[in-house]
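Source file: final.cif. Holds: mmCIF, C-alpha atoms.
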data_work
loop_
_atom_site.group_PDB
_atom_site.id
_atom_site.type_symbol
_atom_site.label_atom_id
_atom_site.label_comp_id
_atom_site.auth_asym_id
_atom_site.auth_seq_id
_atom_site.Cartn_x
_atom_site.Cartn_y
_atom_site.Cartn_z
ATOM 1 C CA MET N 209 140.612 116.089 -39.004
ATOM 2 C CA THR N 210 142.143 116.702 -42.415
ATOM 3 C CA SER N 211 141.380 118.852 -45.436
ATOM 4 C CA ASP N 212 142.507 118.923 -49.054
ATOM 5 C CA THR N 213 145.190 121.544 -48.514
ATOM 6 C CA ALA N 214 147.566 122.571 -45.759
ATOM 7 C CA ARG N 215 149.088 125.657 -47.394
ATOM 8 C CA THR N 216 148.372 129.348 -47.684
ATOM 9 C CA ASP N 217 147.550 131.009 -50.995
ATOM 10 C CA SER N 218 151.246 131.872 -51.337
ATOM 11 C CA GLY N 219 152.241 128.212 -50.917
ATOM 12 C CA GLU N 220 153.471 128.451 -47.324
ATOM 13 C CA MET N 221 152.747 125.346 -45.260
ATOM 14 C CA LEU N 222 150.192 125.953 -42.522
ATOM 15 C CA PRO N 223 151.006 124.512 -39.090
ATOM 16 C CA VAL N 224 149.043 121.519 -37.928
ATOM 17 C CA VAL N 225 146.946 122.527 -34.910
ATOM 18 C CA VAL N 226 147.190 120.060 -32.049
ATOM 19 C CA VAL N 227 144.572 120.545 -29.326
ATOM 20 C CA GLY N 228 145.902 119.440 -25.953
ATOM 21 C CA ALA N 229 149.420 119.413 -24.484
ATOM 22 C CA GLY N 230 149.255 116.058 -22.763
ATOM 23 C CA PRO N 231 151.420 113.051 -23.694
ATOM 24 C CA THR N 232 149.563 112.369 -26.959
ATOM 25 C CA GLY N 233 149.537 115.989 -28.074
ATOM 26 C CA LEU N 234 153.221 116.496 -27.332
ATOM 27 C CA ALA N 235 154.280 113.214 -28.964
ATOM 28 C CA THR N 236 152.231 114.038 -32.069
ATOM 29 C CA ALA N 237 153.739 117.515 -32.396
ATOM 30 C CA ALA N 238 157.249 116.121 -31.933
ATOM 31 C CA ALA N 239 156.657 113.427 -34.577
ATOM 32 C CA LEU N 240 155.430 116.052 -37.042
ATOM 33 C CA ASP N 241 158.445 118.246 -36.343
ATOM 34 C CA ARG N 242 160.830 115.357 -37.029
ATOM 35 C CA ARG N 243 159.230 115.074 -40.470
ATOM 36 C CA GLY N 244 159.523 118.770 -41.189
ATOM 37 C CA VAL N 245 155.843 119.521 -40.630
ATOM 38 C CA PRO N 246 155.211 122.639 -38.504
ATOM 39 C CA ALA N 247 152.773 122.261 -35.615
ATOM 40 C CA VAL N 248 151.350 124.419 -32.867
ATOM 41 C CA VAL N 249 149.930 122.943 -29.666
ATOM 42 C CA LEU N 250 147.007 124.737 -28.019
ATOM 43 C CA GLU N 251 146.495 124.014 -24.318
ATOM 44 C CA GLN N 252 143.832 125.599 -22.146
ATOM 45 C CA GLY N 253 145.777 124.882 -18.947
ATOM 46 C CA ASP N 254 148.703 126.832 -17.533
ATOM 47 C CA GLY N 255 151.298 124.323 -18.671
ATOM 48 C CA VAL N 256 151.891 121.035 -20.437
ATOM 49 C CA GLY N 257 150.344 117.997 -18.793
ATOM 50 C CA ALA N 258 147.623 120.119 -17.192
ATOM 51 C CA ALA N 259 145.430 117.096 -16.462
ATOM 52 C CA TRP N 260 148.309 115.353 -14.697
ATOM 53 C CA ARG N 261 148.936 118.368 -12.500
ATOM 54 C CA ARG N 262 145.403 118.057 -11.106
ATOM 55 C CA ARG N 263 145.669 114.387 -10.175
ATOM 56 C CA TYR N 264 146.028 113.184 -6.577
ATOM 57 C CA ARG N 265 149.426 113.550 -4.956
ATOM 58 C CA GLY N 266 149.956 109.838 -4.367
ATOM 59 C CA LEU N 267 149.396 108.836 -7.993
ATOM 60 C CA ARG N 268 151.933 106.435 -9.470
ATOM 61 C CA LEU N 269 151.976 104.939 -12.944
ATOM 62 C CA ASN N 270 151.022 101.282 -13.080
ATOM 63 C CA SER N 271 152.662 100.712 -16.469
ATOM 64 C CA GLY N 272 156.200 101.375 -15.282
ATOM 65 C CA ARG N 273 158.851 103.822 -16.477
ATOM 66 C CA ALA N 274 160.059 101.585 -19.328
ATOM 67 C CA PHE N 275 156.586 101.529 -20.889
ATOM 68 C CA SER N 276 155.637 105.149 -20.207
ATOM 69 C CA GLY N 277 158.125 107.316 -22.080
ATOM 70 C CA LEU N 278 157.263 109.142 -25.295
ATOM 71 C CA PRO N 279 158.972 108.472 -28.673
ATOM 72 C CA GLY N 280 162.480 109.855 -28.822
ATOM 73 C CA MET N 281 163.052 110.355 -25.092
ATOM 74 C CA ARG N 282 163.078 107.858 -22.247
ATOM 75 C CA MET N 283 161.893 108.679 -18.784
ATOM 76 C CA PRO N 284 164.912 109.286 -16.523
ATOM 77 C CA ARG N 285 165.968 106.644 -14.005
ATOM 78 C CA GLY N 286 165.494 109.202 -11.274
ATOM 79 C CA ALA N 287 161.734 108.910 -11.773
ATOM 80 C CA GLY N 288 161.830 105.409 -10.283
ATOM 81 C CA THR N 289 160.356 102.181 -11.570
ATOM 82 C CA PHE N 290 156.817 103.551 -11.236
ATOM 83 C CA PRO N 291 156.955 107.348 -11.681
ATOM 84 C CA GLY N 292 154.643 109.536 -9.628
ATOM 85 C CA ARG N 293 152.460 112.429 -10.682
ATOM 86 C CA ASP N 294 155.140 115.096 -10.312
ATOM 87 C CA ASP N 295 157.669 112.906 -12.141
ATOM 88 C CA VAL N 296 155.312 112.690 -15.114
ATOM 89 C CA VAL N 297 154.766 116.468 -15.190
ATOM 90 C CA THR N 298 158.519 117.127 -14.990
ATOM 91 C CA TYR N 299 159.128 114.645 -17.810
ATOM 92 C CA LEU N 300 156.483 116.225 -20.066
ATOM 93 C CA GLU N 301 158.009 119.664 -19.476
ATOM 94 C CA ALA N 302 161.466 118.339 -20.353
ATOM 95 C CA TYR N 303 160.121 116.528 -23.433
ATOM 96 C CA SER N 304 158.441 119.657 -24.757
ATOM 97 C CA ALA N 305 161.564 121.748 -24.174
ATOM 98 C CA ALA N 306 163.922 119.176 -25.723
ATOM 99 C CA ALA N 307 161.760 118.925 -28.842
ATOM 100 C CA GLY N 308 161.431 122.714 -29.093
ATOM 101 C CA LEU N 309 157.654 122.495 -29.414
ATOM 102 C CA ASP N 310 155.478 125.549 -30.002
ATOM 103 C CA VAL N 311 153.016 125.217 -27.109
ATOM 104 C CA ARG N 312 150.506 128.003 -26.461
ATOM 105 C CA THR N 313 149.062 127.702 -22.947
ATOM 106 C CA GLY N 314 145.959 129.389 -21.565
ATOM 107 C CA VAL N 315 144.191 128.987 -24.928
ATOM 108 C CA HIS N 316 140.667 127.558 -24.861
ATOM 109 C CA VAL N 317 139.522 125.992 -28.128
ATOM 110 C CA ARG N 318 135.813 126.692 -28.520
ATOM 111 C CA ARG N 319 135.076 124.925 -31.793
ATOM 112 C CA VAL N 320 136.502 123.696 -35.083
ATOM 113 C CA THR N 321 134.608 124.532 -38.285
ATOM 114 C CA GLU N 322 135.200 123.922 -41.979
ATOM 115 C CA ASP N 323 136.339 127.018 -43.854
ATOM 116 C CA ARG N 324 136.735 126.877 -47.644
ATOM 117 C CA GLY N 325 138.445 123.510 -47.775
ATOM 118 C CA GLN N 326 140.468 124.127 -44.621
ATOM 119 C CA TRP N 327 139.689 124.240 -40.907
ATOM 120 C CA ARG N 328 139.131 127.229 -38.683
ATOM 121 C CA VAL N 329 140.032 126.630 -35.051
ATOM 122 C CA VAL N 330 138.136 129.177 -32.971
ATOM 123 C CA THR N 331 139.730 130.028 -29.610
ATOM 124 C CA ASP N 332 139.424 132.702 -26.959
ATOM 125 C CA HIS N 333 142.763 134.069 -28.235
ATOM 126 C CA GLY N 334 141.890 134.389 -31.911
ATOM 127 C CA ASP N 335 141.351 131.922 -34.739
ATOM 128 C CA TRP N 336 143.715 129.568 -36.558
ATOM 129 C CA ARG N 337 143.413 128.405 -40.186
ATOM 130 C CA THR N 338 144.923 125.030 -40.886
ATOM 131 C CA GLY N 339 144.776 122.007 -43.122
ATOM 132 C CA GLU N 340 144.962 119.462 -40.309
ATOM 133 C CA VAL N 341 143.702 119.336 -36.732
ATOM 134 C CA VAL N 342 144.673 116.736 -34.134
ATOM 135 C CA VAL N 343 142.328 116.518 -31.153
ATOM 136 C CA ALA N 344 144.354 115.205 -28.194
ATOM 137 C CA THR N 345 142.188 116.255 -25.269
ATOM 138 C CA GLY N 346 142.190 112.823 -23.653
ATOM 139 C CA LEU N 347 139.661 110.005 -23.545
ATOM 140 C CA LEU N 348 139.016 110.423 -19.816
ATOM 141 C CA ALA N 349 139.703 114.124 -19.415
ATOM 142 C CA ARG N 350 136.466 114.720 -17.512
ATOM 143 C CA GLY N 351 135.098 112.686 -14.651
ATOM 144 C CA ALA N 352 131.405 111.902 -14.395
ATOM 145 C CA VAL N 353 129.482 111.200 -11.190
ATOM 146 C CA PRO N 354 125.845 110.031 -11.411
ATOM 147 C CA PRO N 355 123.747 113.078 -10.437
ATOM 148 C CA GLU N 356 121.467 111.009 -8.212
ATOM 149 C CA TRP N 357 124.308 110.027 -5.890
ATOM 150 C CA GLY N 358 123.828 111.913 -2.656
ATOM 151 C CA ALA N 359 120.991 114.004 -4.128
ATOM 152 C CA ASP N 360 118.782 113.428 -1.082
ATOM 153 C CA ARG N 361 121.593 113.153 1.435
ATOM 154 C CA SER N 362 123.378 116.468 1.670
ATOM 155 C CA SER N 363 125.609 115.115 4.460
ATOM 156 C CA ILE N 364 127.250 112.668 2.048
ATOM 157 C CA ARG N 365 130.112 114.106 0.044
ATOM 158 C CA THR N 366 130.491 112.700 -3.463
ATOM 159 C CA LEU N 367 133.410 113.353 -5.788
ATOM 160 C CA HIS N 368 135.147 111.802 -8.772
ATOM 161 C CA SER N 369 138.703 110.497 -8.621
ATOM 162 C CA THR N 370 139.781 113.412 -10.835
ATOM 163 C CA ASP N 371 138.842 115.738 -7.951
ATOM 164 C CA TYR N 372 140.585 113.703 -5.253
ATOM 165 C CA THR N 373 143.833 115.246 -3.988
ATOM 166 C CA ASP N 374 144.861 113.559 -0.741
ATOM 167 C CA PRO N 375 143.309 111.787 2.280
ATOM 168 C CA VAL N 376 143.475 114.785 4.647
ATOM 169 C CA PRO N 377 139.823 115.909 4.153
ATOM 170 C CA PHE N 378 138.666 112.342 4.913
ATOM 171 C CA ALA N 379 140.422 111.903 8.251
ATOM 172 C CA GLY N 380 138.120 110.016 10.622
ATOM 173 C CA ALA N 381 135.480 109.497 7.923
ATOM 174 C CA ASP N 382 133.983 106.380 6.370
ATOM 175 C CA VAL N 383 134.655 106.269 2.626
ATOM 176 C CA LEU N 384 133.239 104.106 -0.152
ATOM 177 C CA VAL N 385 135.442 103.848 -3.260
ATOM 178 C CA VAL N 386 133.503 102.689 -6.327
ATOM 179 C CA GLY N 387 135.634 100.892 -8.889
ATOM 180 C CA ALA N 388 138.695 98.645 -8.672
ATOM 181 C CA GLY N 389 140.789 100.075 -11.469
ATOM 182 C CA SER N 390 144.255 101.468 -10.899
ATOM 183 C CA SER N 391 142.922 104.744 -9.482
ATOM 184 C CA GLY N 392 140.302 103.037 -7.309
ATOM 185 C CA PHE N 393 142.773 100.682 -5.665
ATOM 186 C CA GLU N 394 145.402 103.375 -5.219
ATOM 187 C CA ILE N 395 142.990 105.900 -3.714
ATOM 188 C CA ALA N 396 141.515 103.271 -1.400
ATOM 189 C CA HIS N 397 145.024 102.430 -0.192
ATOM 190 C CA ASP N 398 145.832 106.117 0.210
ATOM 191 C CA LEU N 399 142.712 106.673 2.306
ATOM 192 C CA ALA N 400 143.244 103.579 4.454
ATOM 193 C CA HIS N 401 146.758 104.705 5.329
ATOM 194 C CA GLY N 402 145.939 108.396 5.505
ATOM 195 C CA GLY N 403 143.551 108.588 8.439
ATOM 196 C CA ALA N 404 140.151 107.494 7.121
ATOM 197 C CA ARG N 405 138.163 105.578 9.740
ATOM 198 C CA GLY N 406 136.958 102.936 7.324
ATOM 199 C CA VAL N 407 137.384 102.311 3.607
ATOM 200 C CA TRP N 408 135.162 100.077 1.474
ATOM 201 C CA LEU N 409 135.757 99.100 -2.136
ATOM 202 C CA ALA N 410 132.742 98.395 -4.377
ATOM 203 C CA VAL N 411 133.246 96.584 -7.680
ATOM 204 C CA ARG N 412 130.871 95.303 -10.347
ATOM 205 C CA THR N 413 132.940 92.219 -11.186
ATOM 206 C CA PRO N 414 135.895 90.633 -9.367
ATOM 207 C CA PRO N 415 139.136 92.199 -10.641
ATOM 208 C CA ASN N 416 142.298 90.462 -11.793
ATOM 209 C CA ILE N 417 145.034 91.537 -9.402
ATOM 210 C CA LEU N 418 148.575 91.523 -10.769
ATOM 211 C CA PRO N 419 151.807 92.005 -8.802
ATOM 212 C CA ARG N 420 153.493 95.377 -9.195
ATOM 213 C CA SER N 421 156.890 93.665 -9.249
ATOM 214 C CA VAL N 422 158.161 90.125 -9.791
ATOM 215 C CA ALA N 423 161.359 88.927 -8.104
ATOM 216 C CA GLY N 424 162.273 92.519 -7.387
ATOM 217 C CA ASN N 425 161.735 93.646 -10.974
ATOM 218 C CA GLY N 426 158.965 95.896 -12.246
ATOM 219 C CA ASN N 427 156.024 94.501 -14.139
ATOM 220 C CA ALA N 428 157.478 95.865 -17.387
ATOM 221 C CA THR N 429 160.480 93.549 -17.023
ATOM 222 C CA ALA N 430 158.186 90.604 -16.349
ATOM 223 C CA LEU N 431 156.092 91.429 -19.408
ATOM 224 C CA ARG N 432 159.135 91.725 -21.633
ATOM 225 C CA ALA N 433 160.337 88.326 -20.418
ATOM 226 C CA GLN N 434 157.070 86.867 -21.674
ATOM 227 C CA ILE N 435 157.484 88.143 -25.245
ATOM 228 C CA GLY N 436 157.335 85.128 -27.534
ATOM 229 C CA VAL N 437 155.835 82.916 -24.820
ATOM 230 C CA PRO N 438 152.408 81.452 -25.696
ATOM 231 C CA VAL N 439 149.661 83.186 -23.752
ATOM 232 C CA THR N 440 147.656 80.074 -22.933
ATOM 233 C CA GLY N 441 148.360 76.369 -22.640
ATOM 234 C CA VAL N 442 150.793 74.407 -20.478
ATOM 235 C CA GLY N 443 153.626 76.692 -19.464
ATOM 236 C CA GLY N 444 151.895 79.673 -21.047
ATOM 237 C CA ALA N 445 152.332 83.242 -19.826
ATOM 238 C CA ASP N 446 148.917 83.320 -18.169
ATOM 239 C CA GLY N 447 149.667 80.127 -16.282
ATOM 240 C CA VAL N 448 152.810 81.745 -14.914
ATOM 241 C CA ARG N 449 150.866 84.903 -14.125
ATOM 242 C CA GLN N 450 148.177 83.003 -12.220
ATOM 243 C CA ASP N 451 150.796 81.237 -10.152
ATOM 244 C CA LEU N 452 152.532 84.530 -9.330
ATOM 245 C CA THR N 453 149.281 86.254 -8.339
ATOM 246 C CA ALA N 454 147.898 83.420 -6.213
ATOM 247 C CA ARG N 455 149.231 84.940 -3.000
ATOM 248 C CA LEU N 456 147.756 88.339 -3.834
ATOM 249 C CA GLY N 457 144.443 86.717 -4.634
ATOM 250 C CA ALA N 458 144.424 84.935 -1.308
ATOM 251 C CA GLY N 459 145.050 88.199 0.513
ATOM 252 C CA ALA N 460 142.199 89.874 -1.309
ATOM 253 C CA THR N 461 139.878 86.980 -0.530
ATOM 254 C CA GLU N 462 140.592 87.419 3.164
ATOM 255 C CA GLN N 463 139.308 90.975 2.818
ATOM 256 C CA GLY N 464 136.119 89.840 1.077
ATOM 257 C CA LEU N 465 137.262 90.678 -2.474
ATOM 258 C CA ARG N 466 136.941 87.783 -4.894
ATOM 259 C CA ARG N 467 139.626 87.444 -7.549
ATOM 260 C CA GLY N 468 138.622 87.622 -11.210
ATOM 261 C CA ALA N 469 138.075 84.327 -12.986
ATOM 262 C CA GLY N 470 139.546 85.508 -16.283
ATOM 263 C CA LEU N 471 143.109 85.073 -17.492
ATOM 264 C CA PRO N 472 144.671 88.581 -17.531
ATOM 265 C CA LEU N 473 146.796 88.327 -20.688
ATOM 266 C CA ALA N 474 144.458 86.091 -22.685
ATOM 267 C CA GLU N 475 141.711 88.688 -22.243
ATOM 268 C CA LEU N 476 143.864 91.208 -24.113
ATOM 269 C CA VAL N 477 144.388 89.019 -27.197
ATOM 270 C CA PRO N 478 141.636 89.415 -29.851
ATOM 271 C CA ASP N 479 139.962 86.343 -31.337
ATOM 272 C CA ASP N 480 141.531 86.977 -34.743
ATOM 273 C CA GLY N 481 145.014 86.580 -33.325
ATOM 274 C CA GLY N 482 145.928 90.196 -33.955
ATOM 275 C CA PRO N 483 148.162 92.330 -31.768
ATOM 276 C CA SER N 484 147.297 93.007 -28.157
ATOM 277 C CA ALA N 485 148.046 95.900 -25.871
ATOM 278 C CA GLY N 486 147.643 96.531 -22.176
ATOM 279 C CA GLY N 487 148.090 99.518 -19.895
#

Show me the file's structure as structure tokens.
Amino acid sequence: MTSDTARTDSGEMLPVVVVGAGPTGLATAAALDRRGVPAVVLEQGDGVGAAWRRRYRGLRLNSGRAFSGLPGMRMPRGAGTFPGRDDVVTYLEAYSAAAGLDVRTGVHVRRVTEDRGQWRVVTDHGDWRTGEVVVATGLLARGAVPPEWGADRSSIRTLHSTDYTDPVPFAGADVLVVGAGSSGFEIAHDLAHGGARGVWLAVRTPPNILPRSVAGNGNATALRAQIGVPVTGVGGADGVRQDLTARLGAGATEQGLRRGAGLPLAELVPDDGGPSAGG
């Protein structure tokens, strides 16, 4: 959100208000600071990366350390090739401290309204006037579970992945995991090795399963090696990818999970030939 002016009546520059102290909020505030633009970050949680702190203990990034750092500061080698939840939180704390960011925690933003050509950010700790507001609360900050699930079966426990912590409460239980994204696969694995009696995975369409590492190197290294390589065609990156994932696909088939028919990298390239991005 922007307005026509970002200064007080006396000419002093008003700080940009960034809502949310996750990776995007912190990176935005740091980028503004490097350009001499003051910014204040408002976070309703008790610390930076509040959403990450609530994630399940076994969470690991699927994008790899090399692809997961914020501008101006790499993730440390000590975080491993695929950093875990606590590694991410520690990194965000270090990033905020190194950049000297002004982060106000425990502040709940109630609404943002226009106020005489500027913005008024209304919080439970007073209001802020500013010329620019950056909303960085996260695309998937809140999990949604269909209300009808388990409505007539009180004995069935239903929860979203954002509320899952560890497999201990599910020891000896049968669990159905809906969705084969990164979280779905990881939670299913966590449950299967954490004492659940049986774990089932339900998916709408067969997923493309990619190896976490290739020849001992993380996926990030494999992706970088494919820069400049045609995506499709003879010898293309997707052909190499399909060959590398054939064994994984066979293993999944043995468990009743069909492998996706699509080509993983080609699906990320738009028809107009523009840039592609994957997580």

Convert the output of the PyMOL selection byres ((chain N and resi 317) around 8) on the shown file into explicit residues, formatted as JSON, numbers by chain.
{"N": [227, 250, 252, 315, 316, 318, 319, 320, 329, 330, 331, 332]}

Using all atoms listed in the file, determine which residues lie at most 9 Å from Ala410 (chain N), disregarding the query and same-chain residues fewer than 5 positions distant; provide the list as JSON, numbers by chain.
{"N": [384, 385, 386, 387, 388]}

Which residue, N:Arg262, N:Arg337, N:Pro354, N:Ser271, has the smallest gap to Arg324 (chain N) when you use all atoms listed in the file?
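Closest candidate: N:Arg337.
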
Near-Val225 (chain N) list (12 Å; all atoms listed in the file; drop same-chain fewer than 2 positions) as a ChimeraX atom specification:
/N:209-210,214,222-223,227-229,233-234,236-237,240,245-251,310-312,317,320,326-331,335-344

Which residues are close to Asp374 (chain N), i.e. within 10 Å by all atoms listed in the file, leaving aside same-chain residues fewer than 3 positions away? Reply as a list of chain:residue names.
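Contacts, in chain order: N:Arg263, N:Tyr264, N:Arg265, N:Gly266, N:Leu267, N:Asp371, N:Pro377, N:Phe378, N:Ile395, N:Asp398, N:Leu399, N:Gly402.
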
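With CA of Val407 (chain N) on one side and CA of Val383 (chain N) on the other, the separation reads 4.9 Å.
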
Quick one, how far is CA of Thr298 (chain N) from CA of Leu278 (chain N)?
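Answer for the CA of Thr298 (chain N) to CA of Leu278 (chain N) separation: 13.1 Å.
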
Given the file above and the PyMOL selection byres ((chain N and resi 300) around 12), which residues are selected, and can you give them as a count of residues only?
39

Report, in Å with one decimal, the straight-line distance from CA of Gly351 (chain N) to CA of Thr289 (chain N).
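These atoms are spaced 27.5 Å apart.
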
Give me, as a list in words, all polymer residues having an atom no more than 8 Å from Ala379 (chain N), counting all atoms listed in the file and skipping those fewer than 4 positions away in the same chain.
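Answer for this query is Pro375, Gly402, Gly403, Ala404 and Arg405 of chain N.
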
Could you work out an axis-aligned box for region 368-380 of chain N, taking every atom the file lists and adding 4 Å on each side, and report centre and edge lengths in Å to one decimal, as JSON?
{"center_x": 140.0, "center_y": 113.0, "center_z": -0.1, "size_x": 17.7, "size_y": 13.9, "size_z": 29.5}

Hey, what comes out of the PyMOL selection byres ((chain N and resi 290) around 7) on this file? Could you write it as a PyMOL selection string?
chain N and resi 268-270+272-273+288-289+291-292

N:Leu409, N:Ala287, N:His333, N:Pro355: which is nearest Gly314 (chain N), counting all atoms listed in the file?
N:His333

Go through N:Ser369, N:Gly389, N:Ser363, N:Asp241 one by one, measure the shortest atom-to-atom distance of each to Arg350 (chain N) using only C-alpha atoms, and give the residue with the smallest value.
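Smallest separation from Arg350 (chain N) among the options: N:Ser369.
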
Keeping just N, CA, C and O atoms, export region 273-288 of chain N of this structure as a tab-separated table (two decimals), in the first residue's frame.
chain	number	residue	atom	x	y	z
N	273	ARG	N	19.63	-25.18	1.84
N	273	ARG	CA	20.22	-23.99	2.47
N	273	ARG	C	20.63	-22.95	1.44
N	273	ARG	O	20.42	-21.75	1.64
N	274	ALA	N	21.21	-23.38	0.32
N	274	ALA	CA	21.72	-22.43	-0.67
N	274	ALA	C	20.63	-21.59	-1.30
N	274	ALA	O	20.88	-20.47	-1.75
N	275	PHE	N	19.39	-22.11	-1.32
N	275	PHE	CA	18.28	-21.39	-1.92
N	275	PHE	C	17.41	-20.69	-0.89
N	275	PHE	O	16.42	-20.06	-1.25
N	276	SER	N	17.73	-20.80	0.39
N	276	SER	CA	16.79	-20.37	1.43
N	276	SER	C	17.23	-19.16	2.24
N	276	SER	O	16.49	-18.69	3.09
N	277	GLY	N	18.43	-18.66	2.00
N	277	GLY	CA	18.89	-17.49	2.74
N	277	GLY	C	18.24	-16.21	2.23
N	277	GLY	O	17.72	-16.16	1.11
N	278	LEU	N	18.26	-15.18	3.05
N	278	LEU	CA	17.71	-13.88	2.68
N	278	LEU	C	18.81	-12.99	2.10
N	278	LEU	O	20.00	-13.24	2.34
N	279	PRO	N	18.45	-11.95	1.34
N	279	PRO	CA	19.46	-11.08	0.71
N	279	PRO	C	20.43	-10.49	1.73
N	279	PRO	O	20.01	-9.97	2.76
N	280	GLY	N	21.70	-10.61	1.44
N	280	GLY	CA	22.70	-10.00	2.30
N	280	GLY	C	23.28	-10.90	3.37
N	280	GLY	O	24.24	-10.52	4.04
N	281	MET	N	22.74	-12.12	3.53
N	281	MET	CA	23.24	-12.99	4.59
N	281	MET	C	22.89	-14.44	4.27
N	281	MET	O	21.72	-14.81	4.20
N	282	ARG	N	23.92	-15.26	4.07
N	282	ARG	CA	23.69	-16.66	3.78
N	282	ARG	C	23.34	-17.44	5.05
N	282	ARG	O	23.73	-17.05	6.15
N	283	MET	N	22.66	-18.53	4.86
N	283	MET	CA	22.44	-19.42	5.99
N	283	MET	C	23.77	-20.10	6.33
N	283	MET	O	24.53	-20.47	5.42
N	284	PRO	N	24.07	-20.27	7.61
N	284	PRO	CA	25.36	-20.87	7.99
N	284	PRO	C	25.44	-22.34	7.62
N	284	PRO	O	24.42	-23.04	7.57
N	285	ARG	N	26.64	-22.82	7.37
N	285	ARG	CA	26.84	-24.23	7.03
N	285	ARG	C	26.37	-25.15	8.15
N	285	ARG	O	25.95	-26.28	7.91
N	286	GLY	N	26.43	-24.65	9.37
N	286	GLY	CA	26.01	-25.47	10.50
N	286	GLY	C	24.55	-25.85	10.46
N	286	GLY	O	24.13	-26.78	11.17
N	287	ALA	N	23.76	-25.16	9.63
N	287	ALA	CA	22.34	-25.49	9.52
N	287	ALA	C	22.11	-26.73	8.68
N	287	ALA	O	20.98	-27.25	8.64
N	288	GLY	N	23.14	-27.24	8.01
N	288	GLY	CA	23.00	-28.43	7.20
N	288	GLY	C	22.50	-28.12	5.79
N	288	GLY	O	22.13	-26.99	5.49
